[in-house]
file query39.cif (mmCIF, C-alpha atoms)
data_data
#
loop_
_atom_site.label_atom_id
_atom_site.label_comp_id
_atom_site.auth_asym_id
_atom_site.auth_seq_id
_atom_site.Cartn_x
_atom_site.Cartn_y
_atom_site.Cartn_z
CA MET A 1 -58.76 -12.64 -51.21
CA SER A 2 -57.31 -9.24 -50.41
CA SER A 3 -53.58 -8.71 -50.56
CA ASN A 4 -51.50 -6.54 -48.25
CA ARG A 5 -49.05 -5.66 -50.97
CA PRO A 6 -49.18 -2.02 -52.00
CA SER A 7 -50.71 -1.32 -55.37
CA PRO A 8 -48.72 0.41 -58.05
CA GLU A 9 -50.98 3.41 -57.68
CA SER A 10 -50.02 3.84 -53.97
CA PRO A 11 -46.21 3.44 -53.60
CA THR A 12 -44.68 3.05 -50.11
CA LYS A 13 -43.82 6.26 -48.36
CA PRO A 14 -40.02 6.67 -47.92
CA ASP A 15 -38.61 6.63 -44.36
CA SER A 16 -38.18 10.20 -43.14
CA THR A 17 -35.74 9.23 -40.37
CA PRO A 18 -32.26 10.74 -40.92
CA ARG A 19 -29.79 8.21 -42.23
CA PHE A 20 -27.17 8.84 -39.50
CA TRP A 21 -29.78 8.03 -36.81
CA ASN A 22 -30.03 4.48 -38.13
CA ASP A 23 -26.34 3.93 -37.43
CA PRO A 24 -25.93 2.52 -33.86
CA ASP A 25 -22.37 3.84 -33.52
CA LYS A 26 -23.40 7.38 -34.45
CA ARG A 27 -26.40 7.24 -32.12
CA ALA A 28 -24.10 6.12 -29.29
CA LEU A 29 -21.78 9.07 -29.93
CA ILE A 30 -24.71 11.48 -29.78
CA PHE A 31 -25.96 10.07 -26.48
CA GLN A 32 -22.47 10.13 -25.00
CA GLY A 33 -22.01 13.74 -26.08
CA LEU A 34 -25.32 14.72 -24.47
CA ILE A 35 -24.30 13.02 -21.22
CA VAL A 36 -20.94 14.80 -21.21
CA LEU A 37 -22.63 18.15 -21.81
CA ALA A 38 -25.14 17.50 -19.02
CA LEU A 39 -22.39 16.46 -16.62
CA GLY A 40 -20.31 19.52 -17.52
CA ALA A 41 -23.30 21.80 -17.00
CA PHE A 42 -23.97 20.21 -13.60
CA ILE A 43 -20.35 20.63 -12.47
CA LEU A 44 -20.27 24.21 -13.75
CA THR A 45 -23.47 25.00 -11.83
CA VAL A 46 -22.14 23.49 -8.61
CA VAL A 47 -18.83 25.38 -8.88
CA SER A 48 -20.58 28.64 -9.71
CA ASN A 49 -22.99 28.34 -6.79
CA THR A 50 -20.17 27.39 -4.43
CA LEU A 51 -18.03 30.38 -5.41
CA HIS A 52 -21.05 32.69 -5.13
CA ASN A 53 -21.91 31.44 -1.64
CA LEU A 54 -18.29 31.69 -0.49
CA GLU A 55 -18.09 35.25 -1.80
CA GLN A 56 -21.27 36.23 0.05
CA ARG A 57 -19.83 34.89 3.31
CA GLY A 58 -16.51 36.62 2.80
CA ILE A 59 -14.53 33.36 2.53
CA THR A 60 -11.51 33.61 0.27
CA THR A 61 -10.61 30.79 -2.11
CA GLY A 62 -7.39 29.66 -3.67
CA PHE A 63 -4.16 28.01 -2.58
CA ASP A 64 -2.33 31.08 -1.33
CA PHE A 65 -2.70 29.80 2.23
CA LEU A 66 -0.09 27.10 1.51
CA SER A 67 2.67 29.73 1.80
CA VAL A 68 1.42 31.08 5.15
CA GLU A 69 3.29 30.17 8.35
CA ALA A 70 1.65 27.19 10.08
CA GLY A 71 2.58 28.01 13.67
CA PHE A 72 2.02 24.53 15.13
CA GLY A 73 4.27 21.56 15.80
CA ILE A 74 4.00 18.02 14.47
CA LEU A 75 4.84 14.98 16.57
CA GLN A 76 6.69 13.10 13.81
CA SER A 77 8.28 14.39 10.62
CA LEU A 78 10.43 12.54 8.09
CA ILE A 79 11.76 15.86 6.80
CA PRO A 80 13.00 18.90 8.73
CA TYR A 81 10.02 20.83 10.08
CA SER A 82 9.42 23.62 12.58
CA GLU A 83 6.50 25.79 13.60
CA ALA A 84 7.82 28.55 11.35
CA ASP A 85 7.27 26.44 8.22
CA SER A 86 4.30 26.93 5.91
CA TYR A 87 1.04 25.03 5.58
CA GLY A 88 2.43 23.59 2.36
CA ARG A 89 5.16 21.99 4.44
CA THR A 90 2.55 20.47 6.77
CA PHE A 91 0.91 18.90 3.72
CA ILE A 92 4.18 17.23 2.72
CA VAL A 93 4.85 16.06 6.28
CA GLY A 94 1.39 14.51 6.58
CA LEU A 95 1.70 12.92 3.15
CA LEU A 96 5.05 11.29 3.97
CA ASN A 97 3.72 9.99 7.29
CA THR A 98 0.73 8.44 5.49
CA VAL A 99 2.97 6.83 2.88
CA LEU A 100 5.28 5.53 5.62
CA VAL A 101 2.63 3.71 7.66
CA SER A 102 0.89 2.45 4.51
CA PHE A 103 4.09 1.01 3.05
CA LEU A 104 5.12 -0.61 6.33
CA GLY A 105 1.63 -2.04 6.76
CA ILE A 106 1.48 -3.47 3.24
CA VAL A 107 4.87 -5.19 3.55
CA ALA A 108 4.19 -6.65 7.01
CA ALA A 109 0.58 -7.65 6.26
CA THR A 110 1.63 -9.41 3.04
CA PHE A 111 4.35 -11.41 4.78
CA LEU A 112 2.15 -12.33 7.77
CA GLY A 113 -0.90 -13.03 5.61
CA PHE A 114 0.98 -15.45 3.35
CA LEU A 115 2.36 -17.33 6.34
CA ILE A 116 -1.05 -17.66 7.96
CA GLY A 117 -2.77 -18.55 4.70
CA VAL A 118 -0.32 -21.37 4.02
CA GLY A 119 -0.48 -22.38 7.68
CA ARG A 120 -4.25 -22.86 7.45
CA LEU A 121 -3.63 -25.60 4.87
CA SER A 122 -0.90 -27.29 6.93
CA LYS A 123 -1.21 -30.98 7.77
CA ASN A 124 -0.24 -30.04 11.31
CA TRP A 125 -3.62 -29.92 13.09
CA LEU A 126 -2.49 -27.53 15.82
CA LEU A 127 -0.87 -25.06 13.41
CA ALA A 128 -3.90 -25.07 11.10
CA LYS A 129 -6.30 -24.43 14.01
CA ILE A 130 -4.16 -21.62 15.43
CA CYS A 131 -4.13 -19.90 12.04
CA ALA A 132 -7.90 -20.39 11.70
CA VAL A 133 -8.53 -18.87 15.14
CA TYR A 134 -6.31 -15.92 14.23
CA VAL A 135 -8.31 -15.24 11.09
CA GLU A 136 -11.70 -15.55 12.76
CA ILE A 137 -10.74 -13.28 15.65
CA PHE A 138 -8.92 -10.40 13.99
CA ARG A 139 -11.02 -10.03 10.83
CA ASN A 140 -14.23 -9.80 12.90
CA ILE A 141 -13.08 -7.07 15.30
CA PRO A 142 -13.42 -3.51 13.92
CA LEU A 143 -10.11 -1.97 12.98
CA LEU A 144 -10.69 1.13 15.11
CA LEU A 145 -11.12 -1.02 18.22
CA GLN A 146 -7.88 -2.85 17.42
CA ILE A 147 -6.08 0.49 17.10
CA PHE A 148 -7.46 1.56 20.48
CA PHE A 149 -6.40 -1.78 22.00
CA TRP A 150 -2.78 -1.53 20.90
CA TYR A 151 -2.52 2.13 21.80
CA PHE A 152 -4.41 2.40 25.10
CA ALA A 153 -4.35 -1.16 26.48
CA VAL A 154 -0.79 -2.07 25.48
CA LEU A 155 1.49 0.85 24.68
CA ARG A 156 0.04 3.36 27.14
CA THR A 157 0.61 0.90 30.00
CA LEU A 158 4.36 0.70 29.42
CA PRO A 159 6.69 2.12 32.08
CA SER A 160 8.07 5.64 32.15
CA PRO A 161 11.42 6.45 30.46
CA ARG A 162 13.41 5.84 33.66
CA GLN A 163 12.02 2.29 33.91
CA SER A 164 12.33 1.50 30.18
CA PHE A 165 12.66 -2.03 28.82
CA GLU A 166 15.91 -2.68 26.95
CA LEU A 167 15.06 -4.03 23.49
CA PHE A 168 17.31 -4.62 20.44
CA GLY A 169 19.98 -2.33 21.82
CA GLY A 170 17.36 0.34 22.43
CA TYR A 171 14.67 1.22 24.93
CA LEU A 172 10.90 0.76 24.99
CA ASN A 173 8.68 2.91 27.19
CA VAL A 174 5.39 4.77 27.17
CA ARG A 175 6.85 7.41 24.85
CA GLY A 176 7.91 4.99 22.14
CA LEU A 177 10.72 2.75 20.96
CA TYR A 178 14.20 4.31 20.88
CA LEU A 179 16.72 2.51 18.66
CA PRO A 180 20.35 3.22 17.69
CA ALA A 181 20.64 5.19 14.47
CA PRO A 182 23.50 4.60 11.99
CA ILE A 183 25.20 7.77 10.78
CA PRO A 184 27.17 7.33 7.52
CA GLU A 185 30.65 8.84 7.35
CA ASP A 186 32.92 9.77 4.45
CA GLY A 187 33.46 6.76 2.24
CA PHE A 188 30.04 5.20 2.80
CA GLY A 189 29.06 6.02 -0.76
CA ILE A 190 31.02 3.02 -2.01
CA VAL A 191 28.68 0.79 -0.01
CA TRP A 192 25.65 2.27 -1.82
CA THR A 193 27.47 1.70 -5.10
CA ALA A 194 28.05 -1.95 -4.19
CA LEU A 195 24.37 -2.33 -3.35
CA ILE A 196 23.30 -0.92 -6.72
CA VAL A 197 25.81 -3.15 -8.50
CA GLY A 198 24.45 -6.16 -6.59
CA ILE A 199 20.86 -5.38 -7.57
CA VAL A 200 21.74 -4.95 -11.25
CA ALA A 201 23.88 -8.11 -11.24
CA THR A 202 21.05 -10.05 -9.61
CA TRP A 203 18.61 -8.91 -12.27
CA LEU A 204 20.99 -9.87 -15.07
CA PHE A 205 21.71 -13.26 -13.49
CA LYS A 206 17.98 -13.91 -13.04
CA ARG A 207 17.34 -13.26 -16.73
CA TRP A 208 20.26 -15.49 -17.74
CA ALA A 209 19.12 -18.27 -15.39
CA ASP A 210 15.54 -18.13 -16.73
CA LYS A 211 16.83 -18.35 -20.29
CA LYS A 212 19.03 -21.35 -19.48
CA HIS A 213 16.15 -22.99 -17.63
CA ASP A 214 13.89 -22.63 -20.69
CA GLU A 215 16.59 -24.06 -22.95
CA SER A 216 17.90 -26.96 -20.86
CA GLY A 217 15.62 -27.27 -17.82
CA ARG A 218 18.57 -26.80 -15.48
CA GLU A 219 17.95 -24.82 -12.31
CA TYR A 220 20.36 -22.34 -10.79
CA PRO A 221 20.42 -21.12 -7.15
CA VAL A 222 19.00 -17.69 -7.96
CA GLY A 223 17.96 -17.04 -4.36
CA LEU A 224 21.39 -17.74 -2.90
CA ILE A 225 23.14 -15.76 -5.62
CA ALA A 226 20.78 -12.81 -5.05
CA LEU A 227 21.40 -12.97 -1.30
CA GLY A 228 25.14 -12.94 -1.87
CA LEU A 229 25.05 -10.06 -4.34
CA ILE A 230 22.51 -7.81 -2.59
CA VAL A 231 23.52 -8.50 1.02
CA GLY A 232 26.93 -10.13 0.99
CA LEU A 233 28.64 -7.81 -1.50
CA PRO A 234 27.69 -4.54 0.30
CA LEU A 235 28.71 -6.06 3.64
CA LEU A 236 32.04 -7.15 2.22
CA VAL A 237 32.68 -3.68 0.79
CA PHE A 238 31.50 -2.14 4.07
CA PHE A 239 34.11 -4.00 6.13
CA PHE A 240 36.89 -3.50 3.60
CA ALA A 241 36.14 0.23 3.64
CA GLY A 242 36.76 0.26 7.39
CA ALA A 243 33.09 0.31 8.47
CA PRO A 244 32.49 4.00 7.64
CA VAL A 245 29.52 4.46 9.96
CA THR A 246 29.00 5.48 13.56
CA MET A 247 26.07 4.55 15.78
CA ASP A 248 24.07 7.21 17.56
CA TYR A 249 22.78 5.47 20.67
CA PRO A 250 19.79 6.85 22.58
CA ALA A 251 20.61 8.09 26.08
CA LEU A 252 18.39 9.19 28.94
CA LYS A 253 18.78 12.92 29.45
CA GLY A 254 16.39 14.53 31.88
CA PHE A 255 12.92 13.13 31.51
CA ASN A 256 13.33 11.58 28.07
CA PHE A 257 15.78 9.86 25.74
CA ARG A 258 17.86 11.81 23.25
CA GLY A 259 19.62 10.52 20.16
CA GLY A 260 19.00 7.53 17.94
CA VAL A 261 15.77 7.03 16.02
CA THR A 262 12.37 7.13 17.69
CA LEU A 263 9.26 5.18 16.80
CA ILE A 264 6.40 7.00 18.48
CA PRO A 265 3.68 4.85 20.09
CA GLU A 266 1.06 6.21 17.69
CA LEU A 267 3.00 4.83 14.74
CA ILE A 268 3.59 1.47 16.42
CA ALA A 269 -0.08 1.06 17.40
CA LEU A 270 -1.36 2.00 13.94
CA TRP A 271 1.18 -0.22 12.19
CA LEU A 272 0.36 -3.24 14.37
CA ALA A 273 -3.39 -2.80 13.97
CA LEU A 274 -3.27 -2.34 10.19
CA THR A 275 -0.89 -5.28 9.79
CA ILE A 276 -2.78 -7.74 11.97
CA TYR A 277 -6.22 -6.75 10.66
CA THR A 278 -5.31 -6.82 6.96
CA ALA A 279 -3.22 -9.99 7.29
CA ALA A 280 -6.35 -11.89 8.34
CA PHE A 281 -8.04 -11.05 5.02
CA ILE A 282 -4.88 -11.70 3.01
CA ALA A 283 -4.59 -15.13 4.65
CA GLU A 284 -8.02 -16.10 3.36
CA ILE A 285 -7.17 -14.79 -0.10
CA VAL A 286 -3.98 -16.88 -0.13
CA ARG A 287 -5.84 -19.95 1.11
CA GLY A 288 -8.49 -19.55 -1.57
CA GLY A 289 -5.86 -19.07 -4.26
CA ILE A 290 -4.00 -22.22 -3.28
CA LEU A 291 -7.21 -24.27 -3.14
CA ALA A 292 -8.10 -23.01 -6.62
CA VAL A 293 -5.10 -24.84 -8.09
CA PRO A 294 -6.23 -28.24 -9.43
CA HIS A 295 -5.36 -31.06 -7.06
CA GLY A 296 -3.84 -32.97 -9.94
CA GLN A 297 -0.92 -30.51 -9.93
CA LEU A 298 -0.04 -31.57 -6.40
CA GLU A 299 -0.40 -35.24 -7.27
CA ALA A 300 1.84 -34.83 -10.32
CA ALA A 301 4.50 -33.10 -8.24
CA SER A 302 4.35 -35.87 -5.66
CA ALA A 303 4.69 -38.48 -8.40
CA LEU A 304 7.84 -36.74 -9.58
CA GLY A 305 9.25 -36.87 -6.05
CA LEU A 306 9.32 -33.12 -5.47
CA PRO A 307 9.47 -32.10 -1.80
CA ARG A 308 6.42 -30.28 -0.46
CA GLY A 309 8.32 -27.01 -0.05
CA ARG A 310 9.53 -26.97 -3.66
CA THR A 311 6.09 -28.01 -4.86
CA LEU A 312 4.54 -25.08 -3.06
CA ARG A 313 7.18 -22.65 -4.31
CA PHE A 314 7.51 -23.68 -7.95
CA ILE A 315 4.11 -25.19 -8.80
CA ILE A 316 1.30 -24.18 -6.45
CA ILE A 317 2.11 -20.53 -5.65
CA PRO A 318 2.86 -19.45 -9.27
CA GLN A 319 -0.52 -20.81 -10.37
CA ALA A 320 -2.34 -19.46 -7.33
CA LEU A 321 -1.06 -15.92 -7.93
CA ARG A 322 -3.49 -15.38 -10.80
CA VAL A 323 -6.30 -15.83 -8.25
CA ILE A 324 -4.55 -14.09 -5.36
CA ILE A 325 -3.36 -10.82 -6.91
CA PRO A 326 -6.69 -9.14 -7.88
CA PRO A 327 -8.29 -9.35 -4.39
CA LEU A 328 -4.88 -8.69 -2.83
CA THR A 329 -4.83 -5.35 -4.64
CA SER A 330 -8.12 -4.44 -2.98
CA GLN A 331 -6.66 -5.18 0.44
CA TYR A 332 -3.68 -2.92 -0.28
CA LEU A 333 -6.05 -0.11 -1.25
CA ASN A 334 -8.15 -0.69 1.88
CA LEU A 335 -5.07 -0.59 4.09
CA THR A 336 -3.94 2.72 2.60
CA LYS A 337 -7.36 4.28 3.11
CA ASN A 338 -7.79 2.76 6.57
CA SER A 339 -4.60 4.53 7.65
CA SER A 340 -6.77 7.68 7.90
CA LEU A 341 -8.09 6.24 11.18
CA ALA A 342 -4.77 7.42 12.62
CA THR A 343 -6.46 10.65 13.63
CA ALA A 344 -8.24 8.71 16.40
CA ILE A 345 -4.98 8.27 18.34
CA GLY A 346 -3.17 11.39 17.16
CA TYR A 347 -0.75 9.93 14.64
CA PRO A 348 0.23 12.86 12.39
CA ASP A 349 -0.91 11.50 9.05
CA LEU A 350 -2.38 13.54 6.21
CA VAL A 351 -5.92 13.56 7.61
CA SER A 352 -4.82 14.54 11.11
CA VAL A 353 -2.27 17.20 10.16
CA PHE A 354 -3.67 18.70 6.98
CA ALA A 355 -7.40 17.89 6.90
CA GLY A 356 -7.56 18.43 10.64
CA THR A 357 -5.30 21.12 12.12
CA THR A 358 -4.60 23.01 8.89
CA LEU A 359 -8.29 23.05 7.94
CA ASN A 360 -9.33 24.32 11.37
CA GLN A 361 -6.78 27.14 11.32
CA THR A 362 -7.22 28.31 7.73
CA GLY A 363 -10.87 27.56 7.05
CA GLN A 364 -9.97 26.60 3.46
CA ALA A 365 -12.27 23.58 3.53
CA ILE A 366 -12.72 23.08 -0.20
CA GLU A 367 -9.02 23.32 -1.05
CA VAL A 368 -7.88 21.15 1.87
CA ILE A 369 -10.47 18.42 1.29
CA PHE A 370 -9.77 18.46 -2.45
CA MET A 371 -6.01 18.03 -1.90
CA THR A 372 -6.58 15.27 0.65
CA MET A 373 -8.90 13.34 -1.64
CA ALA A 374 -6.49 13.82 -4.54
CA VAL A 375 -3.67 12.28 -2.48
CA TYR A 376 -5.63 9.15 -1.58
CA LEU A 377 -6.87 8.84 -5.15
CA THR A 378 -3.32 9.13 -6.48
CA LEU A 379 -1.94 6.58 -4.03
CA SER A 380 -4.73 4.15 -4.90
CA VAL A 381 -4.25 4.58 -8.65
CA LEU A 382 -0.48 4.10 -8.39
CA THR A 383 -0.98 0.97 -6.29
CA SER A 384 -3.49 -0.39 -8.81
CA ILE A 385 -1.17 0.31 -11.74
CA PHE A 386 1.72 -1.49 -10.07
CA MET A 387 -0.39 -4.49 -9.05
CA ASN A 388 -1.98 -4.74 -12.52
CA TRP A 389 1.51 -4.73 -14.03
CA TYR A 390 2.62 -7.43 -11.61
CA ASN A 391 -0.54 -9.40 -12.33
CA SER A 392 0.20 -9.32 -16.06
CA ARG A 393 3.75 -10.51 -15.38
CA SER A 394 2.51 -13.35 -13.17
CA ALA A 395 -0.29 -14.51 -15.47
CA LEU A 396 0.04 -17.95 -16.97
CA ILE A 397 0.81 -17.92 -20.68
CA GLU A 398 -1.19 -20.56 -22.50
CA ARG A 399 0.41 -22.30 -25.42
#
call {"tool": "encode", "arguments": {"input": "query39.cif", "output": "structure tokens"}}
result
Amino acid sequence: MSSNRPSPESPTKPDSTPRFWNDPDKRALIFQGLIVLALGAFILTVVSNTLHNLEQRGITTGFDFLSVEAGFGILQSLIPYSEADSYGRTFIVGLLNTVLVSFLGIVAATFLGFLIGVGRLSKNWLLAKICAVYVEIFRNIPLLLQIFFWYFAVLRTLPSPRQSFELFGGYLNVRGLYLPAPIPEDGFGIVWTALIVGIVATWLFKRWADKKHDESGREYPVGLIALGLIVGLPLLVFFFAGAPVTMDYPALKGFNFRGGVTLIPELIALWLALTIYTAAFIAEIVRGGILAVPHGQLEAASALGLPRGRTLRFIIIPQALRVIIPPLTSQYLNLTKNSSLATAIGYPDLVSVFAGTTLNQTGQAIEVIFMTMAVYLTLSVLTSIFMNWYNSRSALIER
């Protein structure tokens, strides 16, 4: 019987493969380096071709245009702005307007979404059905159509300034909502100091109360104490300081109101649409998070005699947050990016002011689009970082 074993006269041939190639970690580093080099070469080729084509067409590149006078007005600006300001100023104005509507939308959508999500699980049949109808209607209508509805079908049908509706001490008409504006006087700084002191004292009290709760199980009225320190203390200091603030009330002068603070209809329509649309998705996220909590937790709380409100606040919601927060982060990112639809109704956000008017006037397409994308990327990353931090703080710690 023949044997497959090599004879002493014919020794096995040594492996000629380099030793480092047999190491999986070293092979992985080589492949990753090749991919990085290929990607760098691709980017370098694209940039080189782009610069060459721009040079052939006589199109200048660079960010020098940001210091050139803009020469156009902007409907709403959170900082002083005039037509004599530069294109760089228009970028800041558009950025602040985008941040404003995104922040307002996130706060309002979160509050409304949590209410509707909890309402869908209510034992009240009518309330649960109303919340379900809300979700099914507003999450299935495109956001752009909802923006058009609030702007054209609701706000554009309001009366003229002379026939304005009186609302919250202000006036509502086709040109927007005009509200009284507080103007701080000398001595108002002490009120801000009281507010800061109240916030710091609330944080310290919350830490102390949590420590005592872990040691003895005793609960302290953290919510009431926080309300008293953050709201009550500044109000008390405000009145003792002689109310150092005057109100600038809007008044009809000519064909429009002057004074106070103005919420333009474009901002109101966009805010309402973003809030109502996103709240429908947040409601389903909240409902799913609550249903993910084991039913035995609710039964145990009922056996201990805890009221339903305290059960929801101290037992169900804290456990549901680990399911709610990750998809909730996605909704915040979507709301911020969806705010770019503002250009459809003329709200002066970043896309409308900078990627629209500024781009058309300067022709600096690459620089403008790059800056616009960088802004949305930065806002999204910052939102993700904050929500991931909050998620880690809210995660359940297993023992």
call {"tool": "residues_around", "arguments": {"input": "query39.cif", "residues": "Ala342 in chain A", "least_positions_apart": "2", "cutoff": "12 Å", "atoms": "all atoms listed in the file", "output": "CSV table (one decimal) with C-alpha atoms, in the frame of the given file"}}
result
chain,number,residue,atom,x,y,z
A,94,GLY,CA,1.4,14.5,6.6
A,97,ASN,CA,3.7,10.0,7.3
A,98,THR,CA,0.7,8.4,5.5
A,101,VAL,CA,2.6,3.7,7.7
A,102,SER,CA,0.9,2.4,4.5
A,143,LEU,CA,-10.1,-2.0,13.0
A,144,LEU,CA,-10.7,1.1,15.1
A,145,LEU,CA,-11.1,-1.0,18.2
A,146,GLN,CA,-7.9,-2.8,17.4
A,147,ILE,CA,-6.1,0.5,17.1
A,148,PHE,CA,-7.5,1.6,20.5
A,151,TYR,CA,-2.5,2.1,21.8
A,265,PRO,CA,3.7,4.8,20.1
A,266,GLU,CA,1.1,6.2,17.7
A,267,LEU,CA,3.0,4.8,14.7
A,268,ILE,CA,3.6,1.5,16.4
A,269,ALA,CA,-0.1,1.1,17.4
A,270,LEU,CA,-1.4,2.0,13.9
A,271,TRP,CA,1.2,-0.2,12.2
A,272,LEU,CA,0.4,-3.2,14.4
A,273,ALA,CA,-3.4,-2.8,14.0
A,274,LEU,CA,-3.3,-2.3,10.2
A,335,LEU,CA,-5.1,-0.6,4.1
A,336,THR,CA,-3.9,2.7,2.6
A,337,LYS,CA,-7.4,4.3,3.1
A,338,ASN,CA,-7.8,2.8,6.6
A,339,SER,CA,-4.6,4.5,7.6
A,340,SER,CA,-6.8,7.7,7.9
A,344,ALA,CA,-8.2,8.7,16.4
A,345,ILE,CA,-5.0,8.3,18.3
A,346,GLY,CA,-3.2,11.4,17.2
A,347,TYR,CA,-0.8,9.9,14.6
A,348,PRO,CA,0.2,12.9,12.4
A,349,ASP,CA,-0.9,11.5,9.0
A,350,LEU,CA,-2.4,13.5,6.2
A,351,VAL,CA,-5.9,13.6,7.6
A,352,SER,CA,-4.8,14.5,11.1
A,353,VAL,CA,-2.3,17.2,10.2
A,356,GLY,CA,-7.6,18.4,10.6
call {"tool": "closest_residue", "arguments": {"input": "query39.cif", "among": "A:Ala251, A:Leu78, A:Pro244, A:Ala108", "to": "Leu96 in chain A", "atoms": "all atoms listed in the file"}}
result
A:Leu78
call {"tool": "resolve_selection", "arguments": {"input": "query39.cif", "expression": "the PyMOL selection byres ((chain A and resi 358) around 10)", "output": "mmCIF file with C-alpha atoms, keeping the file's coordinate frame"}}
result
data_model
loop_
_atom_site.group_PDB
_atom_site.id
_atom_site.type_symbol
_atom_site.label_atom_id
_atom_site.label_comp_id
_atom_site.auth_asym_id
_atom_site.auth_seq_id
_atom_site.Cartn_x
_atom_site.Cartn_y
_atom_site.Cartn_z
ATOM 1 C CA PHE A 65 -2.700 29.800 2.230
ATOM 2 C CA LEU A 66 -0.090 27.100 1.510
ATOM 3 C CA ALA A 70 1.650 27.190 10.080
ATOM 4 C CA GLY A 71 2.580 28.010 13.670
ATOM 5 C CA PHE A 72 2.020 24.530 15.130
ATOM 6 C CA TYR A 87 1.040 25.030 5.580
ATOM 7 C CA GLY A 88 2.430 23.590 2.360
ATOM 8 C CA THR A 90 2.550 20.470 6.770
ATOM 9 C CA PHE A 91 0.910 18.900 3.720
ATOM 10 C CA VAL A 351 -5.920 13.560 7.610
ATOM 11 C CA SER A 352 -4.820 14.540 11.110
ATOM 12 C CA VAL A 353 -2.270 17.200 10.160
ATOM 13 C CA PHE A 354 -3.670 18.700 6.980
ATOM 14 C CA ALA A 355 -7.400 17.890 6.900
ATOM 15 C CA GLY A 356 -7.560 18.430 10.640
ATOM 16 C CA THR A 357 -5.300 21.120 12.120
ATOM 17 C CA LEU A 359 -8.290 23.050 7.940
ATOM 18 C CA ASN A 360 -9.330 24.320 11.370
ATOM 19 C CA GLN A 361 -6.780 27.140 11.320
ATOM 20 C CA THR A 362 -7.220 28.310 7.730
ATOM 21 C CA GLY A 363 -10.870 27.560 7.050
ATOM 22 C CA GLN A 364 -9.970 26.600 3.460
ATOM 23 C CA ALA A 365 -12.270 23.580 3.530
ATOM 24 C CA VAL A 368 -7.880 21.150 1.870
#
call {"tool": "atom_distance", "arguments": {"input": "query39.cif", "atom1": "CA of Tyr171 in chain A", "atom2": "CA of Val245 in chain A"}}
result
21.3 Å
call {"tool": "atom_distance", "arguments": {"input": "query39.cif", "atom1": "CA of Ile316 in chain A", "atom2": "CA of Pro221 in chain A"}}
result
19.4 Å
call {"tool": "residues_around", "arguments": {"input": "query39.cif", "residues": "range 223-232 of chain A", "least_positions_apart": "6", "cutoff": "7 Å", "atoms": "all atoms listed in the file", "output": "list in words"}}
result
Leu195, Gly198, Ile199 and Thr202 of chain A
call {"tool": "resolve_selection", "arguments": {"input": "query39.cif", "expression": "the PyMOL selection byres ((chain A and resi 163) around 12)", "output": "ChimeraX atom specification"}}
result
/A:158-162,164-166,171-175,252,255-257
call {"tool": "write_last_selection", "arguments": {"input": "query39.cif", "atoms": "C-alpha atoms", "output": "mmCIF file, keeping the file's coordinate frame"}}
result
data_model
loop_
_atom_site.group_PDB
_atom_site.id
_atom_site.type_symbol
_atom_site.label_atom_id
_atom_site.label_comp_id
_atom_site.auth_asym_id
_atom_site.auth_seq_id
_atom_site.Cartn_x
_atom_site.Cartn_y
_atom_site.Cartn_z
ATOM 1 C CA LEU A 158 4.360 0.700 29.420
ATOM 2 C CA PRO A 159 6.690 2.120 32.080
ATOM 3 C CA SER A 160 8.070 5.640 32.150
ATOM 4 C CA PRO A 161 11.420 6.450 30.460
ATOM 5 C CA ARG A 162 13.410 5.840 33.660
ATOM 6 C CA SER A 164 12.330 1.500 30.180
ATOM 7 C CA PHE A 165 12.660 -2.030 28.820
ATOM 8 C CA GLU A 166 15.910 -2.680 26.950
ATOM 9 C CA TYR A 171 14.670 1.220 24.930
ATOM 10 C CA LEU A 172 10.900 0.760 24.990
ATOM 11 C CA ASN A 173 8.680 2.910 27.190
ATOM 12 C CA VAL A 174 5.390 4.770 27.170
ATOM 13 C CA ARG A 175 6.850 7.410 24.850
ATOM 14 C CA LEU A 252 18.390 9.190 28.940
ATOM 15 C CA PHE A 255 12.920 13.130 31.510
ATOM 16 C CA ASN A 256 13.330 11.580 28.070
ATOM 17 C CA PHE A 257 15.780 9.860 25.740
#
call {"tool": "closest_residue", "arguments": {"input": "query39.cif", "among": "A:Val47, A:Val68, A:Ser122, A:Ser394", "to": "Glu83 in chain A", "atoms": "all atoms listed in the file"}}
result
A:Val68
call {"tool": "resolve_selection", "arguments": {"input": "query39.cif", "expression": "the PyMOL selection byres ((chain A and resi 243) around 12)", "output": "JSON list (two decimals) with C-alpha atoms, in the coordinates of the input"}}
result
[["chain", "number", "residue", "atom", "x", "y", "z"],
["A", 182, "PRO", "CA", 23.50, 4.60, 11.99],
["A", 183, "ILE", "CA", 25.20, 7.77, 10.78],
["A", 184, "PRO", "CA", 27.17, 7.33, 7.52],
["A", 185, "GLU", "CA", 30.65, 8.84, 7.35],
["A", 186, "ASP", "CA", 32.92, 9.77, 4.45],
["A", 187, "GLY", "CA", 33.46, 6.76, 2.24],
["A", 188, "PHE", "CA", 30.04, 5.20, 2.80],
["A", 189, "GLY", "CA", 29.06, 6.02, -0.76],
["A", 190, "ILE", "CA", 31.02, 3.02, -2.01],
["A", 191, "VAL", "CA", 28.68, 0.79, -0.01],
["A", 234, "PRO", "CA", 27.69, -4.54, 0.30],
["A", 235, "LEU", "CA", 28.71, -6.06, 3.64],
["A", 236, "LEU", "CA", 32.04, -7.15, 2.22],
["A", 237, "VAL", "CA", 32.68, -3.68, 0.79],
["A", 238, "PHE", "CA", 31.50, -2.14, 4.07],
["A", 239, "PHE", "CA", 34.11, -4.00, 6.13],
["A", 240, "PHE", "CA", 36.89, -3.50, 3.60],
["A", 241, "ALA", "CA", 36.14, 0.23, 3.64],
["A", 242, "GLY", "CA", 36.76, 0.26, 7.39],
["A", 244, "PRO", "CA", 32.49, 4.00, 7.64],
["A", 245, "VAL", "CA", 29.52, 4.46, 9.96],
["A", 246, "THR", "CA", 29.00, 5.48, 13.56],
["A", 247, "MET", "CA", 26.07, 4.55, 15.78]]
